[in-house]
$ cat coords-v3.cif   # mmCIF, C-alpha atoms
data_target
loop_
_atom_site.group_PDB
_atom_site.id
_atom_site.type_symbol
_atom_site.label_atom_id
_atom_site.label_comp_id
_atom_site.auth_asym_id
_atom_site.auth_seq_id
_atom_site.Cartn_x
_atom_site.Cartn_y
_atom_site.Cartn_z
ATOM 1 C CA MET A 28 26.791 11.152 60.025
ATOM 2 C CA ALA A 29 29.839 13.076 61.245
ATOM 3 C CA LYS A 30 28.531 14.379 64.572
ATOM 4 C CA VAL A 31 25.543 13.501 66.761
ATOM 5 C CA ALA A 32 24.259 14.198 70.265
ATOM 6 C CA VAL A 33 22.862 11.676 72.747
ATOM 7 C CA THR A 34 20.878 12.686 75.829
ATOM 8 C CA GLY A 35 21.064 10.092 78.595
ATOM 9 C CA GLY A 36 24.204 8.770 76.897
ATOM 10 C CA ALA A 37 25.950 7.744 80.117
ATOM 11 C CA GLY A 38 23.166 5.354 81.059
ATOM 12 C CA PHE A 39 22.431 1.719 80.317
ATOM 13 C CA ILE A 40 20.958 1.985 76.811
ATOM 14 C CA GLY A 41 22.565 5.307 75.984
ATOM 15 C CA SER A 42 26.114 4.098 76.604
ATOM 16 C CA HIS A 43 25.625 1.145 74.241
ATOM 17 C CA LEU A 44 24.372 3.563 71.600
ATOM 18 C CA VAL A 45 27.389 5.815 72.173
ATOM 19 C CA GLU A 46 29.711 2.816 71.732
ATOM 20 C CA ALA A 47 28.007 1.893 68.461
ATOM 21 C CA LEU A 48 28.277 5.473 67.182
ATOM 22 C CA LEU A 49 31.954 5.739 68.085
ATOM 23 C CA GLY A 50 32.536 2.392 66.393
ATOM 24 C CA ALA A 51 31.015 3.875 63.234
ATOM 25 C CA GLY A 52 33.487 6.768 63.364
ATOM 26 C CA VAL A 53 30.972 9.376 64.535
ATOM 27 C CA GLU A 54 31.780 12.264 66.882
ATOM 28 C CA VAL A 55 29.418 12.182 69.892
ATOM 29 C CA ALA A 56 28.306 14.791 72.434
ATOM 30 C CA VAL A 57 26.613 13.275 75.488
ATOM 31 C CA VAL A 58 24.255 15.099 77.859
ATOM 32 C CA ASP A 59 23.618 13.342 81.174
ATOM 33 C CA ASP A 60 22.945 14.581 84.702
ATOM 34 C CA LEU A 61 24.541 11.364 86.086
ATOM 35 C CA SER A 62 21.584 10.805 88.407
ATOM 36 C CA SER A 63 21.261 7.289 87.019
ATOM 37 C CA GLY A 64 24.076 7.251 84.478
ATOM 38 C CA SER A 65 27.798 6.914 85.123
ATOM 39 C CA ARG A 66 30.998 8.238 83.562
ATOM 40 C CA ASP A 67 32.351 4.693 83.844
ATOM 41 C CA ASN A 68 29.843 3.514 81.223
ATOM 42 C CA LEU A 69 31.480 5.706 78.571
ATOM 43 C CA PRO A 70 34.544 4.505 76.664
ATOM 44 C CA SER A 71 37.692 6.541 76.198
ATOM 45 C CA ALA A 72 37.475 8.064 72.742
ATOM 46 C CA GLY A 73 39.637 11.176 72.918
ATOM 47 C CA ARG A 74 38.202 14.211 71.218
ATOM 48 C CA ARG A 75 35.445 12.235 69.481
ATOM 49 C CA LEU A 76 33.478 11.960 72.742
ATOM 50 C CA ARG A 77 32.398 14.898 74.874
ATOM 51 C CA LEU A 78 30.324 14.641 78.075
ATOM 52 C CA LEU A 79 28.287 17.621 79.238
ATOM 53 C CA VAL A 80 26.908 17.085 82.738
ATOM 54 C CA GLY A 81 23.532 18.764 83.028
ATOM 55 C CA ASP A 82 19.770 18.421 83.158
ATOM 56 C CA VAL A 83 17.829 17.625 79.988
ATOM 57 C CA GLY A 84 15.571 20.566 80.765
ATOM 58 C CA ASP A 85 18.490 23.011 80.663
ATOM 59 C CA GLY A 86 18.344 24.706 77.262
ATOM 60 C CA ALA A 87 21.830 26.205 77.594
ATOM 61 C CA VAL A 88 23.415 22.765 78.080
ATOM 62 C CA LEU A 89 21.458 21.322 75.162
ATOM 63 C CA ARG A 90 22.474 24.191 72.875
ATOM 64 C CA ARG A 91 26.138 23.451 73.542
ATOM 65 C CA ALA A 92 25.699 19.721 73.022
ATOM 66 C CA PHE A 93 23.543 19.946 69.890
ATOM 67 C CA ARG A 94 25.666 22.525 68.063
ATOM 68 C CA GLY A 95 26.633 21.033 64.696
ATOM 69 C CA ALA A 96 24.857 17.700 65.350
ATOM 70 C CA GLU A 97 23.328 16.026 62.306
ATOM 71 C CA ALA A 98 21.114 13.842 64.503
ATOM 72 C CA VAL A 99 19.917 13.955 68.096
ATOM 73 C CA PHE A 100 19.110 10.762 70.014
ATOM 74 C CA HIS A 101 16.919 11.627 72.996
ATOM 75 C CA LEU A 102 17.180 8.834 75.567
ATOM 76 C CA ALA A 103 17.228 10.828 78.812
ATOM 77 C CA ALA A 104 14.232 9.788 80.901
ATOM 78 C CA ARG A 105 12.996 8.530 84.206
ATOM 79 C CA THR A 106 11.926 4.934 83.641
ATOM 80 C CA SER A 107 10.255 3.303 86.662
ATOM 81 C CA VAL A 108 6.522 2.597 86.505
ATOM 82 C CA PRO A 109 6.094 2.164 90.311
ATOM 83 C CA GLU A 110 8.148 5.275 91.034
ATOM 84 C CA SER A 111 6.028 7.284 88.588
ATOM 85 C CA VAL A 112 2.890 6.291 90.493
ATOM 86 C CA ALA A 113 4.424 7.782 93.638
ATOM 87 C CA ASP A 114 5.881 10.883 91.903
ATOM 88 C CA PRO A 115 3.990 11.715 88.695
ATOM 89 C CA VAL A 116 5.014 15.392 88.635
ATOM 90 C CA SER A 117 8.742 14.747 88.258
ATOM 91 C CA TYR A 118 8.036 12.126 85.595
ATOM 92 C CA HIS A 119 6.059 14.654 83.585
ATOM 93 C CA ARG A 120 8.783 17.280 84.022
ATOM 94 C CA VAL A 121 11.595 15.040 82.800
ATOM 95 C CA ASN A 122 9.900 12.770 80.272
ATOM 96 C CA ALA A 123 7.478 15.224 78.663
ATOM 97 C CA GLY A 124 9.031 18.618 79.470
ATOM 98 C CA GLY A 125 12.557 17.390 78.787
ATOM 99 C CA THR A 126 11.481 16.070 75.388
ATOM 100 C CA LEU A 127 9.915 19.414 74.464
ATOM 101 C CA GLU A 128 13.134 21.219 75.410
ATOM 102 C CA ALA A 129 15.221 18.740 73.424
ATOM 103 C CA LEU A 130 12.983 19.131 70.351
ATOM 104 C CA LEU A 131 13.239 22.909 70.536
ATOM 105 C CA ARG A 132 17.034 22.908 70.803
ATOM 106 C CA ALA A 133 17.543 20.194 68.165
ATOM 107 C CA ARG A 134 15.474 22.124 65.612
ATOM 108 C CA GLU A 135 17.239 25.345 66.568
ATOM 109 C CA ALA A 136 20.603 23.620 65.978
ATOM 110 C CA GLY A 137 19.545 22.429 62.516
ATOM 111 C CA ALA A 138 19.648 18.696 63.266
ATOM 112 C CA ARG A 139 18.567 16.581 60.294
ATOM 113 C CA ARG A 140 16.755 13.961 62.391
ATOM 114 C CA PHE A 141 15.556 13.565 65.989
ATOM 115 C CA VAL A 142 15.144 10.039 67.411
ATOM 116 C CA LEU A 143 13.114 9.663 70.612
ATOM 117 C CA ALA A 144 13.281 6.683 72.957
ATOM 118 C CA GLY A 145 9.588 5.957 73.367
ATOM 119 C CA SER A 146 8.015 3.150 75.362
ATOM 120 C CA CYS A 147 5.707 0.195 74.810
ATOM 121 C CA ALA A 148 4.006 1.263 78.057
ATOM 122 C CA VAL A 149 1.864 3.701 76.057
ATOM 123 C CA TYR A 150 -0.190 0.763 74.748
ATOM 124 C CA GLY A 151 -1.382 -0.405 78.144
ATOM 125 C CA ASP A 152 -2.471 -4.053 78.328
ATOM 126 C CA VAL A 153 -3.505 -5.358 74.902
ATOM 127 C CA GLY A 154 -4.144 -8.918 76.058
ATOM 128 C CA GLY A 155 -2.556 -11.612 73.931
ATOM 129 C CA ARG A 156 -2.349 -9.457 70.793
ATOM 130 C CA ALA A 157 0.851 -8.089 69.330
ATOM 131 C CA ALA A 158 0.874 -4.324 69.826
ATOM 132 C CA ARG A 159 0.719 -2.515 66.487
ATOM 133 C CA GLU A 160 1.554 1.159 66.053
ATOM 134 C CA THR A 161 -2.025 1.858 64.898
ATOM 135 C CA LEU A 162 -3.521 0.768 68.236
ATOM 136 C CA ALA A 163 -5.078 3.537 70.317
ATOM 137 C CA PRO A 164 -2.787 4.267 73.286
ATOM 138 C CA ALA A 165 -4.080 3.376 76.749
ATOM 139 C CA PRO A 166 -1.403 4.417 79.282
ATOM 140 C CA ALA A 167 -1.865 2.732 82.650
ATOM 141 C CA SER A 168 0.743 4.667 84.656
ATOM 142 C CA PRO A 169 2.063 8.243 84.943
ATOM 143 C CA TYR A 170 5.288 6.993 83.326
ATOM 144 C CA ALA A 171 3.356 5.817 80.269
ATOM 145 C CA ALA A 172 1.311 9.020 80.168
ATOM 146 C CA ALA A 173 4.447 11.170 80.206
ATOM 147 C CA LYS A 174 6.051 9.115 77.432
ATOM 148 C CA LEU A 175 2.874 9.479 75.383
ATOM 149 C CA ALA A 176 2.961 13.243 75.959
ATOM 150 C CA ALA A 177 6.553 13.234 74.669
ATOM 151 C CA GLU A 178 5.371 11.482 71.510
ATOM 152 C CA ALA A 179 2.592 14.041 71.125
ATOM 153 C CA TYR A 180 5.142 16.867 71.120
ATOM 154 C CA LEU A 181 7.186 14.942 68.557
ATOM 155 C CA ARG A 182 4.169 14.569 66.252
ATOM 156 C CA ALA A 183 3.301 18.249 66.690
ATOM 157 C CA PHE A 184 6.816 19.260 65.603
ATOM 158 C CA ARG A 185 6.504 16.994 62.549
ATOM 159 C CA GLU A 186 3.105 18.323 61.534
ATOM 160 C CA SER A 187 3.392 22.030 62.327
ATOM 161 C CA LEU A 188 7.114 22.636 61.778
ATOM 162 C CA GLY A 189 8.120 19.917 59.339
ATOM 163 C CA PHE A 190 10.807 18.684 61.735
ATOM 164 C CA ASP A 191 12.072 15.157 60.985
ATOM 165 C CA ALA A 192 11.401 13.426 64.301
ATOM 166 C CA VAL A 193 10.821 9.706 64.922
ATOM 167 C CA ALA A 194 9.901 7.750 68.062
ATOM 168 C CA LEU A 195 11.065 4.194 68.699
ATOM 169 C CA ARG A 196 8.803 2.490 71.209
ATOM 170 C CA PHE A 197 11.261 0.345 73.152
ATOM 171 C CA PHE A 198 9.882 -2.876 74.543
ATOM 172 C CA ASN A 199 11.711 -4.569 77.447
ATOM 173 C CA VAL A 200 15.409 -3.856 76.952
ATOM 174 C CA TYR A 201 18.011 -5.932 78.806
ATOM 175 C CA GLY A 202 21.753 -6.491 78.700
ATOM 176 C CA PRO A 203 25.111 -5.584 80.271
ATOM 177 C CA ARG A 204 25.322 -2.477 82.518
ATOM 178 C CA GLN A 205 21.681 -2.591 83.576
ATOM 179 C CA ARG A 206 21.383 -1.631 87.241
ATOM 180 C CA PRO A 207 20.012 -4.038 89.863
ATOM 181 C CA ASP A 208 20.495 -1.767 92.865
ATOM 182 C CA SER A 209 17.138 0.041 92.849
ATOM 183 C CA PRO A 210 13.886 -1.412 94.225
ATOM 184 C CA TYR A 211 12.404 -0.332 90.879
ATOM 185 C CA ALA A 212 15.069 -2.045 88.777
ATOM 186 C CA ALA A 213 14.109 -4.021 85.675
ATOM 187 C CA VAL A 214 13.542 -7.727 86.133
ATOM 188 C CA VAL A 215 16.663 -9.080 84.367
ATOM 189 C CA PRO A 216 19.322 -7.385 86.540
ATOM 190 C CA ARG A 217 17.333 -8.127 89.697
ATOM 191 C CA PHE A 218 17.278 -11.812 88.781
ATOM 192 C CA PHE A 219 21.031 -11.895 88.127
ATOM 193 C CA GLU A 220 21.810 -10.052 91.349
ATOM 194 C CA ALA A 221 19.786 -12.517 93.424
ATOM 195 C CA LEU A 222 21.090 -15.615 91.615
ATOM 196 C CA LEU A 223 24.733 -14.550 91.949
ATOM 197 C CA ALA A 224 24.191 -13.965 95.679
ATOM 198 C CA GLY A 225 22.700 -17.445 96.070
ATOM 199 C CA GLY A 226 19.295 -16.016 96.959
ATOM 200 C CA ARG A 227 15.753 -16.491 95.718
ATOM 201 C CA PRO A 228 14.776 -13.964 93.011
ATOM 202 C CA THR A 229 11.586 -12.019 93.682
ATOM 203 C CA VAL A 230 8.716 -12.420 91.219
ATOM 204 C CA PHE A 231 5.878 -9.916 91.477
ATOM 205 C CA GLY A 232 2.465 -11.408 90.760
ATOM 206 C CA THR A 233 2.150 -14.902 89.315
ATOM 207 C CA GLY A 234 5.163 -14.723 87.009
ATOM 208 C CA LYS A 235 2.921 -15.650 84.082
ATOM 209 C CA GLN A 236 2.947 -12.065 82.809
ATOM 210 C CA THR A 237 4.813 -11.839 79.501
ATOM 211 C CA ARG A 238 7.323 -9.421 78.041
ATOM 212 C CA ASP A 239 8.941 -8.823 74.647
ATOM 213 C CA LEU A 240 12.614 -8.828 75.647
ATOM 214 C CA VAL A 241 15.047 -7.121 73.264
ATOM 215 C CA TYR A 242 18.823 -7.121 73.689
ATOM 216 C CA VAL A 243 20.434 -3.710 74.194
ATOM 217 C CA GLY A 244 22.847 -4.198 71.284
ATOM 218 C CA ASP A 245 19.884 -4.620 68.951
ATOM 219 C CA VAL A 246 18.364 -1.416 70.343
ATOM 220 C CA ALA A 247 21.543 0.536 69.616
ATOM 221 C CA ALA A 248 21.686 -0.884 66.096
ATOM 222 C CA ALA A 249 18.051 0.057 65.455
ATOM 223 C CA CYS A 250 18.670 3.643 66.574
ATOM 224 C CA LEU A 251 21.538 3.929 64.088
ATOM 225 C CA ALA A 252 19.451 2.389 61.309
ATOM 226 C CA VAL A 253 16.605 4.863 61.866
ATOM 227 C CA ALA A 254 18.974 7.839 61.982
ATOM 228 C CA ALA A 255 20.627 6.777 58.718
ATOM 229 C CA ALA A 256 17.445 5.795 56.839
ATOM 230 C CA ARG A 257 16.635 7.769 53.699
ATOM 231 C CA GLY A 258 13.266 9.049 52.638
ATOM 232 C CA PRO A 259 10.176 9.784 54.733
ATOM 233 C CA LEU A 260 9.671 7.721 57.878
ATOM 234 C CA SER A 261 6.613 7.036 60.005
ATOM 235 C CA PRO A 262 6.376 8.982 63.262
ATOM 236 C CA VAL A 263 6.435 5.860 65.467
ATOM 237 C CA TYR A 264 7.969 2.386 65.259
ATOM 238 C CA ASN A 265 7.916 -0.545 67.674
ATOM 239 C CA LEU A 266 11.335 -1.834 68.704
ATOM 240 C CA GLY A 267 11.141 -5.362 70.038
ATOM 241 C CA THR A 268 11.549 -8.930 68.808
ATOM 242 C CA GLY A 269 7.939 -9.876 68.096
ATOM 243 C CA ARG A 270 8.193 -12.711 70.629
ATOM 244 C CA SER A 271 6.949 -12.860 74.208
ATOM 245 C CA THR A 272 8.443 -14.612 77.230
ATOM 246 C CA SER A 273 6.908 -15.142 80.656
ATOM 247 C CA VAL A 274 8.720 -13.822 83.709
ATOM 248 C CA LEU A 275 9.088 -17.369 85.049
ATOM 249 C CA ALA A 276 10.558 -18.584 81.736
ATOM 250 C CA LEU A 277 12.971 -15.658 81.836
ATOM 251 C CA LEU A 278 14.036 -16.644 85.344
ATOM 252 C CA ARG A 279 14.689 -20.208 84.202
ATOM 253 C CA GLU A 280 16.811 -18.897 81.308
ATOM 254 C CA ALA A 281 18.851 -16.663 83.640
ATOM 255 C CA ALA A 282 19.336 -19.464 86.160
ATOM 256 C CA ARG A 283 20.461 -21.846 83.413
ATOM 257 C CA ALA A 284 23.020 -19.316 82.163
ATOM 258 C CA LEU A 285 24.555 -19.106 85.655
ATOM 259 C CA GLY A 286 24.128 -22.767 86.561
ATOM 260 C CA ALA A 287 21.961 -21.780 89.533
ATOM 261 C CA PRO A 288 18.612 -23.087 90.812
ATOM 262 C CA ALA A 289 15.503 -21.125 89.756
ATOM 263 C CA ALA A 290 13.527 -20.888 93.011
ATOM 264 C CA PRO A 291 11.510 -17.651 93.058
ATOM 265 C CA ARG A 292 9.998 -15.836 96.007
ATOM 266 C CA PHE A 293 6.570 -14.441 95.102
ATOM 267 C CA GLU A 294 5.343 -10.981 96.082
ATOM 268 C CA PRO A 295 2.057 -9.183 95.271
ATOM 269 C CA ALA A 296 1.734 -7.637 91.818
ATOM 270 C CA ARG A 297 2.792 -3.982 91.567
ATOM 271 C CA PRO A 298 0.352 -1.225 90.542
ATOM 272 C CA GLY A 299 0.460 0.008 86.957
ATOM 273 C CA GLU A 300 2.239 -3.058 85.572
ATOM 274 C CA ILE A 301 1.121 -4.562 82.255
ATOM 275 C CA LEU A 302 0.231 -8.257 82.127
ATOM 276 C CA ARG A 303 1.072 -8.993 78.504
ATOM 277 C CA SER A 304 3.399 -7.260 76.089
ATOM 278 C CA ARG A 305 4.540 -8.196 72.580
ATOM 279 C CA ALA A 306 5.546 -6.011 69.640
ATOM 280 C CA ASP A 307 4.376 -6.137 66.071
ATOM 281 C CA VAL A 308 7.712 -5.280 64.408
ATOM 282 C CA SER A 309 6.610 -5.436 60.769
ATOM 283 C CA LEU A 310 6.580 -1.661 60.194
ATOM 284 C CA LEU A 311 10.206 -1.169 61.286
ATOM 285 C CA ARG A 312 11.283 -4.131 59.175
ATOM 286 C CA ARG A 313 9.376 -2.919 56.110
ATOM 287 C CA GLU A 314 10.281 0.790 56.177
ATOM 288 C CA VAL A 315 13.743 0.770 57.777
ATOM 289 C CA GLY A 316 14.897 -2.759 56.989
ATOM 290 C CA PHE A 317 15.765 -3.545 60.594
ATOM 291 C CA ARG A 318 15.024 -6.661 62.612
ATOM 292 C CA ALA A 319 16.428 -7.655 66.016
ATOM 293 C CA SER A 320 18.897 -10.520 65.574
ATOM 294 C CA VAL A 321 20.060 -11.551 69.079
ATOM 295 C CA SER A 322 18.058 -14.479 70.469
ATOM 296 C CA LEU A 323 16.931 -14.468 74.105
ATOM 297 C CA SER A 324 19.215 -17.361 75.027
ATOM 298 C CA GLU A 325 22.235 -15.641 73.443
ATOM 299 C CA GLY A 326 21.377 -12.260 74.961
ATOM 300 C CA ILE A 327 20.927 -13.770 78.415
ATOM 301 C CA ARG A 328 24.217 -15.666 78.020
ATOM 302 C CA ARG A 329 26.075 -12.414 77.184
ATOM 303 C CA THR A 330 24.374 -10.622 80.054
ATOM 304 C CA ALA A 331 25.167 -13.428 82.495
ATOM 305 C CA CYS A 332 28.852 -13.273 81.520
ATOM 306 C CA TRP A 333 28.926 -9.528 82.146
ATOM 307 C CA PHE A 334 27.195 -9.773 85.545
ATOM 308 C CA ARG A 335 29.447 -12.643 86.616
ATOM 309 C CA ASP A 336 32.543 -10.640 85.622
ATOM 310 C CA ALA A 337 31.214 -7.514 87.378
ATOM 311 C CA ALA A 338 30.635 -9.487 90.578
ATOM 312 C CA GLY A 339 34.157 -10.916 90.333
ATOM 313 C CA ARG A 340 35.630 -7.432 89.989
ATOM 314 C CA GLY A 341 34.284 -6.435 93.372
ATOM 315 C CA GLY A 342 30.583 -5.893 93.139
ATOM 316 C CA LEU A 343 27.583 -5.438 90.886
ATOM 317 C CA PRO A 344 26.700 -2.052 89.389
ATOM 318 C CA GLY A 345 25.351 0.602 91.690
ATOM 319 C CA PRO A 346 25.618 4.327 92.355
ATOM 320 C CA GLY A 347 28.908 5.680 91.084
ATOM 321 C CA LYS A 348 29.832 2.421 89.353
ATOM 322 C CA ALA A 349 29.679 1.159 85.792
ATOM 323 C CA GLY A 350 26.404 -0.300 84.673
ATOM 324 C CA ARG A 351 24.001 2.385 85.689
ATOM 325 C CA ARG A 352 20.685 2.642 83.944
ATOM 326 C CA ARG A 353 19.757 5.321 81.451
#

$ encode --input "coords-v3.cif" --output "structure tokens"
Amino acid sequence: MAKVAVTGGAGFIGSHLVEALLGAGVEVAVVDDLSSGSRDNLPSAGRRLRLLVGDVGDGAVLRRAFRGAEAVFHLAARTSVPESVADPVSYHRVNAGGTLEALLRAREAGARRFVLAGSCAVYGDVGGRAARETLAPAPASPYAAAKLAAEAYLRAFRESLGFDAVALRFFNVYGPRQRPDSPYAAVVPRFFEALLAGGRPTVFGTGKQTRDLVYVGDVAAACLAVAAARGPLSPVYNLGTGRSTSVLALLREAARALGAPAAPRFEPARPGEILRSRADVSLLRREVGFRASVSLSEGIRRTACWFRDAAGRGGLPGPGKAGRRR
């Protein structure tokens, strides 16, 4: 690949993907409205990196960004389950409508492959089973429903237009630059923020709910592997580790990495949240040859180092600072 485009590239996951692409010698055009992303997340790369500030639903901005791109990585999205319950319309507009616009402009630009950041939320709660791509979706929140609608558009473009589009269903991604400053923030940055402040991290529900936690560097590597893969690919792949960890076990791991006590404060469970989540990753391994390689303990150690350094530099990530979420 000589040139690609990344929507949401100034955010948490997107900026790690941009770094990986630049490291591979690829020219990158980023589209981000900076509502949850930050310029500070993007490295200095001279003419090989171009940032276009604009909404993912703006076809004119996407046309400029996608011109000449061999692949388009579509990561721009709103990502909070509780927030989607309160505001389903905006979640549909960005996550479903924005994906349709991106598909239209990527095909128009002649991109060879389109890679969508999907979500494990489309499965709903599958109990103790590993979620396999063949399971019937059962979205339990407007966020999940909008991500499923995005996948439906992707499949329609594959079937009716022959457009090479693939969705990676991200499981619970964590790592450096993930924002803790929102009440809807993911659990890992919230835990680090509280532990570094000497407080008691909040656990919603019993803490026995489980998640498949995948390190952000592995996610970036998987996106590159899918974009570069030869031959026909399946429309959807799970992107996780195949292992599950309880929220309380995650808290203990984070506390150990910082040398802090793990003393949670419990709050009622939040609506729309899934109790158990674990990926079946065999399809991605078999067809693409990719498997996540960073263990939870190593990923949490790297993340703890980054959060400790960020706190030492004058504060944890927040609006207008490095570390904002995609």

$ atom_distance --input "coords-v3.cif" --atom1 "CA of Val121 in chain A" --atom2 "CA of Ser187 in chain A"
23.1 Å

$ residues_around --input "coords-v3.cif" --residues "Arg292 in chain A" --least-positions-apart "6" --cutoff "9 Å" --atoms "only C-alpha atoms" --output "MDAnalysis selection string"
chainID A and resid 227:231

$ closest_residue --input "coords-v3.cif" --among "A:Ala331, A:Val193, A:Leu181, A:Val214" --to "Glu128 in chain A" --atoms "all atoms listed in the file"
A:Leu181

$ closest_atom_pairs --input "coords-v3.cif" --of "range 71-154 of chain A" --to "range 194-197 of chain A" --cutoff "10 Å" --atoms "all atoms listed in the file" --output "JSON lines"
{"residue": "A:Phe100", "atom": "CA", "partner": "A:Ala194", "partner_atom": "CA", "distance": 9.9}
{"residue": "A:His101", "atom": "CA", "partner": "A:Ala194", "partner_atom": "CA", "distance": 9.4}
{"residue": "A:Phe141", "atom": "CA", "partner": "A:Ala194", "partner_atom": "CA", "distance": 8.4}
{"residue": "A:Val142", "atom": "CA", "partner": "A:Ala194", "partner_atom": "CA", "distance": 5.8}
{"residue": "A:Leu143", "atom": "CA", "partner": "A:Ala194", "partner_atom": "CA", "distance": 4.5}
{"residue": "A:Ala144", "atom": "CA", "partner": "A:Leu195", "partner_atom": "CA", "distance": 5.4}
{"residue": "A:Gly145", "atom": "CA", "partner": "A:Arg196", "partner_atom": "CA", "distance": 4.2}
{"residue": "A:Ser146", "atom": "CA", "partner": "A:Arg196", "partner_atom": "CA", "distance": 4.3}
{"residue": "A:Cys147", "atom": "CA", "partner": "A:Arg196", "partner_atom": "CA", "distance": 5.3}
{"residue": "A:Ala148", "atom": "CA", "partner": "A:Arg196", "partner_atom": "CA", "distance": 8.5}
{"residue": "A:Val149", "atom": "CA", "partner": "A:Arg196", "partner_atom": "CA", "distance": 8.6}
{"residue": "A:Tyr150", "atom": "CA", "partner": "A:Arg196", "partner_atom": "CA", "distance": 9.8}

$ closest_residue --input "coords-v3.cif" --among "A:Ala123, A:Ile40, A:Ala276, A:Leu222" --to "Leu175 in chain A" --atoms "all atoms listed in the file"
A:Ala123
